Amino acid sequence: MKKKTVQFEYEVYPSVKRLENGDAVLLERARVVTATAYAPYSNFQVGAVALLANGEIVQGSNQENASYPVGLCAERVLLSAISSIHSNMQIKTIAISYHNLNGKSNRPISPCGICRQTLLEYEMRQKHPIRLVMGGMDGKVFVIPNAGMLLPLSFTGDDLK
Ligand code: THU
């Protein structure tokens with residue numbers, strides 16, 4: 001029997017003010033984009049903003065439904081939009097923020113499991129890491145160099161070969 005360890009490093013910044021300029025702009029934009037969420041059921045508004053290799057910025061927000069499981073997270077709305085509008089454009093960085101209308105929004109949240117799987121698919125497809133910048137409306141910010149790090153021992157298209 002062998003034991004293996006999975007670990008990864010990420011950066012923690014005390015606030016958006018300490019981020020490098022490009023990341024700060026993206027996170028500030030994600031904060032603004034939370035207002036475009038359609039989240040009348042959870043009151044939890046999420047904004048996701050991507051910087052593409054050509055310098056363009058694309059945004060997405062969560063879109064809920066009276067039939068709860070039909071709702072889509074901001075990250076998957078964003079990735080589908082990018083894939084549809086700029087089909088082969090590389091994604092460099094995605095900033096994610098949220099506004100919890102029922103509580104606090106002062107610490108980072110991480111993408112849910114389905115979004116982690118979706119992010120991994122896009123990373124594999126573009127053969128290039130996607131950085132994640134995650135923070136609330138204020139407070140600490142996490143920067144993860146590679147979204148796939150959030151999903152160790154993942155299932156990918158290679159397993160279907
Ligand atoms: N949500 C996102 O959009 N992204 C996340 O990373 C976590 C959760 C949405 C889904 C749902 O509309 C609401 O937040 C509450 O779960």
# chains A, B, ... in the order shown; residues from 1 in each chain; ligands from 1
>>> residues_around(residues="Thr34 (chain A)", least_positions_apart="5", cutoff="10 Å", atoms="only C-alpha atoms", output="JSON, numbers by chain")
{"A": [29, 39, 44, 45, 46, 47, 48, 59, 60, 61, 62, 74, 96, 97, 98, 99, 100, 137]}
>>> write_last_selection(atoms="N, CA, C and O atoms", output="tab-separated table (two decimals), in the first residue's frame")
chain	number	residue	atom	x	y	z
A	29	ARG	N	-15.00	44.33	-11.51
A	29	ARG	CA	-16.05	44.14	-12.53
A	29	ARG	C	-17.00	43.01	-12.11
A	29	ARG	O	-18.22	43.11	-12.25
A	39	ALA	N	-31.56	35.90	-9.33
A	39	ALA	CA	-31.47	34.98	-8.19
A	39	ALA	C	-32.57	35.27	-7.17
A	39	ALA	O	-32.29	35.51	-5.99
A	44	PHE	N	-28.78	35.04	-3.68
A	44	PHE	CA	-27.32	34.93	-3.67
A	44	PHE	C	-26.86	35.22	-5.10
A	44	PHE	O	-27.00	34.41	-6.00
A	45	GLN	N	-26.36	36.43	-5.28
A	45	GLN	CA	-26.04	36.91	-6.64
A	45	GLN	C	-24.55	36.71	-6.92
A	45	GLN	O	-23.71	37.23	-6.17
A	46	VAL	N	-24.25	35.99	-7.97
A	46	VAL	CA	-22.86	35.67	-8.30
A	46	VAL	C	-22.50	36.31	-9.65
A	46	VAL	O	-23.29	36.27	-10.60
A	47	GLY	N	-21.32	36.90	-9.71
A	47	GLY	CA	-20.81	37.49	-10.96
A	47	GLY	C	-19.48	36.84	-11.32
A	47	GLY	O	-18.64	36.62	-10.44
A	48	ALA	N	-19.32	36.51	-12.58
A	48	ALA	CA	-18.06	35.92	-13.05
A	48	ALA	C	-17.62	36.68	-14.30
A	48	ALA	O	-18.45	36.95	-15.18
A	59	GLN	N	-18.66	38.58	-19.40
A	59	GLN	CA	-19.23	38.43	-18.07
A	59	GLN	C	-20.41	37.47	-18.05
A	59	GLN	O	-21.05	37.22	-19.08
A	60	GLY	N	-20.67	36.91	-16.87
A	60	GLY	CA	-21.83	36.03	-16.68
A	60	GLY	C	-22.31	36.13	-15.25
A	60	GLY	O	-21.57	36.57	-14.36
A	61	SER	N	-23.57	35.75	-15.03
A	61	SER	CA	-24.11	35.76	-13.66
A	61	SER	C	-25.07	34.60	-13.51
A	61	SER	O	-25.54	34.02	-14.50
A	62	ASN	N	-25.38	34.24	-12.28
A	62	ASN	CA	-26.25	33.07	-12.08
A	62	ASN	C	-27.69	33.38	-12.48
A	62	ASN	O	-28.19	34.49	-12.30
A	74	ALA	N	-23.11	31.20	-12.24
A	74	ALA	CA	-22.47	32.27	-13.02
A	74	ALA	C	-21.30	31.73	-13.85
A	74	ALA	O	-21.11	32.13	-15.01
A	96	ILE	N	-14.37	35.84	-9.78
A	96	ILE	CA	-15.71	35.45	-9.30
A	96	ILE	C	-16.00	36.22	-8.01
A	96	ILE	O	-15.19	36.20	-7.07
A	97	SER	N	-17.16	36.87	-7.99
A	97	SER	CA	-17.58	37.54	-6.76
A	97	SER	C	-19.05	37.23	-6.50
A	97	SER	O	-19.73	36.62	-7.35
A	98	TYR	N	-19.55	37.65	-5.38
A	98	TYR	CA	-20.95	37.38	-5.04
A	98	TYR	C	-21.46	38.43	-4.09
A	98	TYR	O	-20.70	39.10	-3.38
A	99	HIS	N	-22.79	38.57	-4.10
A	99	HIS	CA	-23.45	39.47	-3.16
A	99	HIS	C	-24.58	38.67	-2.52
A	99	HIS	O	-25.57	38.34	-3.19
A	100	ASN	N	-24.39	38.34	-1.27
A	100	ASN	CA	-25.41	37.57	-0.55
A	100	ASN	C	-26.40	38.55	0.07
A	100	ASN	O	-26.08	39.22	1.06
A	137	MET	N	-17.66	40.99	-1.85
A	137	MET	CA	-17.78	42.43	-2.13
A	137	MET	C	-16.69	43.21	-1.41
A	137	MET	O	-16.37	44.33	-1.76
>>> select_by_dssp(residues="region 2-148 of chain A", states="strand (DSSP E or B)", output="tab-separated table (two decimals) with N, CA, C and O atoms, in the first residue's frame")
chain	number	residue	atom	x	y	z
A	11	GLU	N	-2.65	31.94	-3.61
A	11	GLU	CA	-2.27	33.20	-2.98
A	11	GLU	C	-3.47	33.78	-2.23
A	11	GLU	O	-4.61	33.66	-2.71
A	12	VAL	N	-3.20	34.38	-1.09
A	12	VAL	CA	-4.24	35.04	-0.30
A	12	VAL	C	-3.84	36.51	-0.15
A	12	VAL	O	-2.75	36.80	0.36
A	13	TYR	N	-4.72	37.39	-0.60
A	13	TYR	CA	-4.47	38.84	-0.47
A	13	TYR	C	-5.46	39.41	0.55
A	13	TYR	O	-6.62	38.97	0.59
A	38	TYR	N	-29.96	36.74	-11.89
A	38	TYR	CA	-31.39	36.50	-11.66
A	38	TYR	C	-31.45	35.45	-10.56
A	38	TYR	O	-31.30	34.25	-10.83
A	44	PHE	N	-28.78	35.04	-3.68
A	44	PHE	CA	-27.32	34.93	-3.67
A	44	PHE	C	-26.86	35.22	-5.10
A	44	PHE	O	-27.00	34.41	-6.00
A	45	GLN	N	-26.36	36.43	-5.28
A	45	GLN	CA	-26.04	36.91	-6.64
A	45	GLN	C	-24.55	36.71	-6.92
A	45	GLN	O	-23.71	37.23	-6.17
A	46	VAL	N	-24.25	35.99	-7.97
A	46	VAL	CA	-22.86	35.67	-8.30
A	46	VAL	C	-22.50	36.31	-9.65
A	46	VAL	O	-23.29	36.27	-10.60
A	47	GLY	N	-21.32	36.90	-9.71
A	47	GLY	CA	-20.81	37.49	-10.96
A	47	GLY	C	-19.48	36.84	-11.32
A	47	GLY	O	-18.64	36.62	-10.44
A	48	ALA	N	-19.32	36.51	-12.58
A	48	ALA	CA	-18.06	35.92	-13.05
A	48	ALA	C	-17.62	36.68	-14.30
A	48	ALA	O	-18.45	36.95	-15.18
A	49	VAL	N	-16.34	37.03	-14.34
A	49	VAL	CA	-15.82	37.86	-15.44
A	49	VAL	C	-14.52	37.25	-15.94
A	49	VAL	O	-13.62	36.97	-15.13
A	50	ALA	N	-14.42	37.06	-17.25
A	50	ALA	CA	-13.22	36.43	-17.82
A	50	ALA	C	-12.42	37.42	-18.64
A	50	ALA	O	-12.98	38.24	-19.37
A	51	LEU	N	-11.11	37.30	-18.51
A	51	LEU	CA	-10.19	38.00	-19.42
A	51	LEU	C	-9.72	36.99	-20.45
A	51	LEU	O	-9.17	35.93	-20.10
A	52	LEU	N	-9.93	37.31	-21.73
A	52	LEU	CA	-9.53	36.42	-22.82
A	52	LEU	C	-8.16	36.83	-23.36
A	52	LEU	O	-7.69	37.94	-23.12
A	57	ILE	N	-13.12	41.17	-22.45
A	57	ILE	CA	-13.68	40.76	-21.16
A	57	ILE	C	-15.12	40.31	-21.39
A	57	ILE	O	-15.88	40.99	-22.08
A	58	VAL	N	-15.46	39.13	-20.84
A	58	VAL	CA	-16.82	38.60	-20.98
A	58	VAL	C	-17.36	38.35	-19.58
A	58	VAL	O	-16.61	37.94	-18.69
A	59	GLN	N	-18.66	38.58	-19.40
A	59	GLN	CA	-19.23	38.43	-18.07
A	59	GLN	C	-20.41	37.47	-18.05
A	59	GLN	O	-21.05	37.22	-19.08
A	60	GLY	N	-20.67	36.91	-16.87
A	60	GLY	CA	-21.83	36.03	-16.68
A	60	GLY	C	-22.31	36.13	-15.25
A	60	GLY	O	-21.57	36.57	-14.36
A	61	SER	N	-23.57	35.75	-15.03
A	61	SER	CA	-24.11	35.76	-13.66
A	61	SER	C	-25.07	34.60	-13.51
A	61	SER	O	-25.54	34.02	-14.50
A	63	GLN	N	-28.32	32.39	-13.06
A	63	GLN	CA	-29.67	32.52	-13.61
A	63	GLN	C	-30.52	31.39	-13.05
A	63	GLN	O	-30.34	30.23	-13.42
A	72	LEU	N	-28.67	27.98	-13.34
A	72	LEU	CA	-27.27	27.87	-13.77
A	72	LEU	C	-26.39	28.78	-12.94
A	72	LEU	O	-26.75	29.93	-12.68
A	91	ILE	N	-8.95	31.46	-22.53
A	91	ILE	CA	-9.35	32.18	-21.32
A	91	ILE	C	-8.12	32.27	-20.42
A	91	ILE	O	-7.50	31.25	-20.11
A	92	LYS	N	-7.77	33.47	-20.01
A	92	LYS	CA	-6.61	33.66	-19.14
A	92	LYS	C	-7.01	33.57	-17.66
A	92	LYS	O	-6.44	32.80	-16.91
A	93	THR	N	-7.92	34.42	-17.27
A	93	THR	CA	-8.28	34.56	-15.85
A	93	THR	C	-9.79	34.74	-15.73
A	93	THR	O	-10.41	35.39	-16.57
A	94	ILE	N	-10.35	34.14	-14.68
A	94	ILE	CA	-11.77	34.38	-14.35
A	94	ILE	C	-11.84	34.90	-12.92
A	94	ILE	O	-11.29	34.28	-12.00
A	95	ALA	N	-12.50	36.04	-12.75
A	95	ALA	CA	-12.75	36.58	-11.41
A	95	ALA	C	-14.19	36.26	-11.02
A	95	ALA	O	-15.10	36.36	-11.86
A	96	ILE	N	-14.37	35.84	-9.78
A	96	ILE	CA	-15.71	35.45	-9.30
A	96	ILE	C	-16.00	36.22	-8.01
A	96	ILE	O	-15.19	36.20	-7.07
A	97	SER	N	-17.16	36.87	-7.99
A	97	SER	CA	-17.58	37.54	-6.76
A	97	SER	C	-19.05	37.23	-6.50
A	97	SER	O	-19.73	36.62	-7.35
A	98	TYR	N	-19.55	37.65	-5.38
A	98	TYR	CA	-20.95	37.38	-5.04
A	98	TYR	C	-21.46	38.43	-4.09
A	98	TYR	O	-20.70	39.10	-3.38
A	99	HIS	N	-22.79	38.57	-4.10
A	99	HIS	CA	-23.45	39.47	-3.16
A	99	HIS	C	-24.58	38.67	-2.52
A	99	HIS	O	-25.57	38.34	-3.19
A	100	ASN	N	-24.39	38.34	-1.27
A	100	ASN	CA	-25.41	37.57	-0.55
A	100	ASN	C	-26.40	38.55	0.07
A	100	ASN	O	-26.08	39.22	1.06
A	131	ARG	N	-6.61	30.90	-14.60
A	131	ARG	CA	-6.43	31.42	-13.23
A	131	ARG	C	-7.78	31.82	-12.67
A	131	ARG	O	-8.65	32.32	-13.40
A	132	LEU	N	-7.94	31.66	-11.36
A	132	LEU	CA	-9.18	32.10	-10.71
A	132	LEU	C	-8.86	33.14	-9.66
A	132	LEU	O	-7.93	32.95	-8.85
A	133	VAL	N	-9.60	34.22	-9.68
A	133	VAL	CA	-9.49	35.28	-8.67
A	133	VAL	C	-10.84	35.30	-7.95
A	133	VAL	O	-11.87	35.55	-8.58
A	134	MET	N	-10.84	35.02	-6.65
A	134	MET	CA	-12.11	34.83	-5.96
A	134	MET	C	-12.19	35.75	-4.74
A	134	MET	O	-11.28	35.73	-3.91
A	135	GLY	N	-13.27	36.52	-4.66
A	135	GLY	CA	-13.44	37.40	-3.51
A	135	GLY	C	-14.88	37.87	-3.42
A	135	GLY	O	-15.61	37.85	-4.42
A	141	VAL	N	-8.94	37.99	-0.74
A	141	VAL	CA	-9.05	37.51	-2.12
A	141	VAL	C	-8.10	36.32	-2.29
A	141	VAL	O	-6.95	36.37	-1.85
A	142	PHE	N	-8.60	35.26	-2.90
A	142	PHE	CA	-7.77	34.10	-3.23
A	142	PHE	C	-7.44	34.13	-4.73
A	142	PHE	O	-8.33	34.40	-5.55
A	143	VAL	N	-6.19	33.81	-5.06
A	143	VAL	CA	-5.83	33.63	-6.48
A	143	VAL	C	-5.30	32.22	-6.64
A	143	VAL	O	-4.34	31.82	-5.98
A	144	ILE	N	-5.98	31.46	-7.51
A	144	ILE	CA	-5.62	30.06	-7.77
A	144	ILE	C	-5.03	30.00	-9.18
A	144	ILE	O	-5.68	30.45	-10.13
>>> select_by_dssp(residues="region 2-160 of chain A", states="helix (DSSP H, G or I)", output="PyMOL selection string")
chain A and resi 16-18+21-36+68-70+74-85+113-126+147-150+157-160
>>> residues_around(residues="Pro152 (chain A)", least_positions_apart="3", cutoff="10 Å", atoms="only C-alpha atoms", output="list in words")
Val6, Gln7, Phe8, Gly148, Met149 and Phe155 of chain A
>>> closest_residue(among="A:Pro111, A:Pro145, A:Gly157, A:Pro14", to="ligand 1", atoms="only C-alpha atoms and all ligand atoms")
A:Pro111
>>> closest_residue(among="A:Ile85, A:Ala35, A:Ala147, A:Leu120", to="Glu9 (chain A)", atoms="only C-alpha atoms")
A:Ala147
>>> residues_around(residues="region 16-18 of chain A", least_positions_apart="3", cutoff="8 Å", atoms="only C-alpha atoms", output="VMD selection string")
chain A and resid 13 24 27 to 28 138 to 141
>>> write_last_selection(atoms="all heavy atoms", output="PDB file, in the first residue's frame")
ATOM      1  N   TYR A  13      -4.718  37.390  -0.597  1.00  0.00           N
ATOM      2  CA  TYR A  13      -4.474  38.837  -0.472  1.00  0.00           C
ATOM      3  C   TYR A  13      -5.462  39.410   0.547  1.00  0.00           C
ATOM      4  O   TYR A  13      -6.615  38.968   0.594  1.00  0.00           O
ATOM      5  CB  TYR A  13      -4.680  39.525  -1.834  1.00  0.00           C
ATOM      6  CG  TYR A  13      -3.661  39.098  -2.869  1.00  0.00           C
ATOM      7  CD1 TYR A  13      -3.843  37.932  -3.609  1.00  0.00           C
ATOM      8  CD2 TYR A  13      -2.508  39.843  -3.083  1.00  0.00           C
ATOM      9  CE1 TYR A  13      -2.898  37.520  -4.548  1.00  0.00           C
ATOM     10  CE2 TYR A  13      -1.566  39.446  -4.016  1.00  0.00           C
ATOM     11  CZ  TYR A  13      -1.768  38.285  -4.744  1.00  0.00           C
ATOM     12  OH  TYR A  13      -0.835  37.888  -5.659  1.00  0.00           O
ATOM     13  N   ALA A  24      -7.284  43.176 -10.155  1.00  0.00           N
ATOM     14  CA  ALA A  24      -8.170  44.074  -9.390  1.00  0.00           C
ATOM     15  C   ALA A  24      -9.312  44.569 -10.275  1.00  0.00           C
ATOM     16  O   ALA A  24     -10.474  44.606  -9.856  1.00  0.00           O
ATOM     17  CB  ALA A  24      -7.362  45.248  -8.835  1.00  0.00           C
ATOM     18  N   LEU A  27     -11.840  41.709 -10.740  1.00  0.00           N
ATOM     19  CA  LEU A  27     -12.651  41.427  -9.545  1.00  0.00           C
ATOM     20  C   LEU A  27     -13.657  42.552  -9.292  1.00  0.00           C
ATOM     21  O   LEU A  27     -14.815  42.286  -8.954  1.00  0.00           O
ATOM     22  CB  LEU A  27     -11.756  41.196  -8.324  1.00  0.00           C
ATOM     23  CG  LEU A  27     -12.508  40.810  -7.045  1.00  0.00           C
ATOM     24  CD1 LEU A  27     -13.372  39.560  -7.234  1.00  0.00           C
ATOM     25  CD2 LEU A  27     -11.534  40.593  -5.889  1.00  0.00           C
ATOM     26  N   GLU A  28     -13.219  43.787  -9.491  1.00  0.00           N
ATOM     27  CA  GLU A  28     -14.166  44.908  -9.318  1.00  0.00           C
ATOM     28  C   GLU A  28     -15.326  44.771 -10.303  1.00  0.00           C
ATOM     29  O   GLU A  28     -16.475  45.046  -9.964  1.00  0.00           O
ATOM     30  CB  GLU A  28     -13.471  46.263  -9.536  1.00  0.00           C
ATOM     31  CG  GLU A  28     -12.380  46.596  -8.521  1.00  0.00           C
ATOM     32  CD  GLU A  28     -12.909  47.080  -7.167  1.00  0.00           C
ATOM     33  OE1 GLU A  28     -14.092  46.827  -6.855  1.00  0.00           O
ATOM     34  OE2 GLU A  28     -12.121  47.684  -6.425  1.00  0.00           O
ATOM     35  N   ASP A 138     -16.120  42.593  -0.380  1.00  0.00           N
ATOM     36  CA  ASP A 138     -14.900  43.117   0.239  1.00  0.00           C
ATOM     37  C   ASP A 138     -14.209  41.954   0.943  1.00  0.00           C
ATOM     38  O   ASP A 138     -14.639  40.812   0.813  1.00  0.00           O
ATOM     39  CB  ASP A 138     -15.193  44.286   1.212  1.00  0.00           C
ATOM     40  CG  ASP A 138     -16.283  43.949   2.194  1.00  0.00           C
ATOM     41  OD1 ASP A 138     -16.219  42.865   2.796  1.00  0.00           O
ATOM     42  OD2 ASP A 138     -17.207  44.762   2.353  1.00  0.00           O
ATOM     43  N   GLY A 139     -13.117  42.238   1.619  1.00  0.00           N
ATOM     44  CA  GLY A 139     -12.390  41.189   2.348  1.00  0.00           C
ATOM     45  C   GLY A 139     -11.323  40.512   1.506  1.00  0.00           C
ATOM     46  O   GLY A 139     -10.932  41.009   0.441  1.00  0.00           O
ATOM     47  N   LYS A 140     -10.850  39.367   2.042  1.00  0.00           N
ATOM     48  CA  LYS A 140      -9.737  38.637   1.431  1.00  0.00           C
ATOM     49  C   LYS A 140     -10.017  38.192   0.005  1.00  0.00           C
ATOM     50  O   LYS A 140     -11.179  37.991  -0.376  1.00  0.00           O
ATOM     51  CB  LYS A 140      -9.490  37.354   2.228  1.00  0.00           C
ATOM     52  CG  LYS A 140      -8.671  37.526   3.457  1.00  0.00           C
ATOM     53  CD  LYS A 140      -8.436  36.154   4.069  1.00  0.00           C
ATOM     54  CE  LYS A 140      -7.953  36.316   5.480  1.00  0.00           C
ATOM     55  NZ  LYS A 140      -8.029  35.095   6.251  1.00  0.00           N
ATOM     56  N   VAL A 141      -8.939  37.992  -0.738  1.00  0.00           N
ATOM     57  CA  VAL A 141      -9.046  37.506  -2.124  1.00  0.00           C
ATOM     58  C   VAL A 141      -8.100  36.321  -2.288  1.00  0.00           C
ATOM     59  O   VAL A 141      -6.947  36.371  -1.850  1.00  0.00           O
ATOM     60  CB  VAL A 141      -8.662  38.626  -3.120  1.00  0.00           C
ATOM     61  CG1 VAL A 141      -8.781  38.122  -4.550  1.00  0.00           C
ATOM     62  CG2 VAL A 141      -9.532  39.858  -2.911  1.00  0.00           C
TER      63      VAL A 141
END
>>> residues_around(residues="Leu119 (chain A)", least_positions_apart="3", cutoff="9 Å", atoms="only C-alpha atoms", output="JSON, numbers by chain")
{"A": [75, 76, 79, 114, 115, 116, 122, 123, 124, 130, 147, 148]}
>>> atom_distance(atom1="CA of Ala81 (chain A)", atom2="CA of Gly55 (chain A)")
15.9 Å
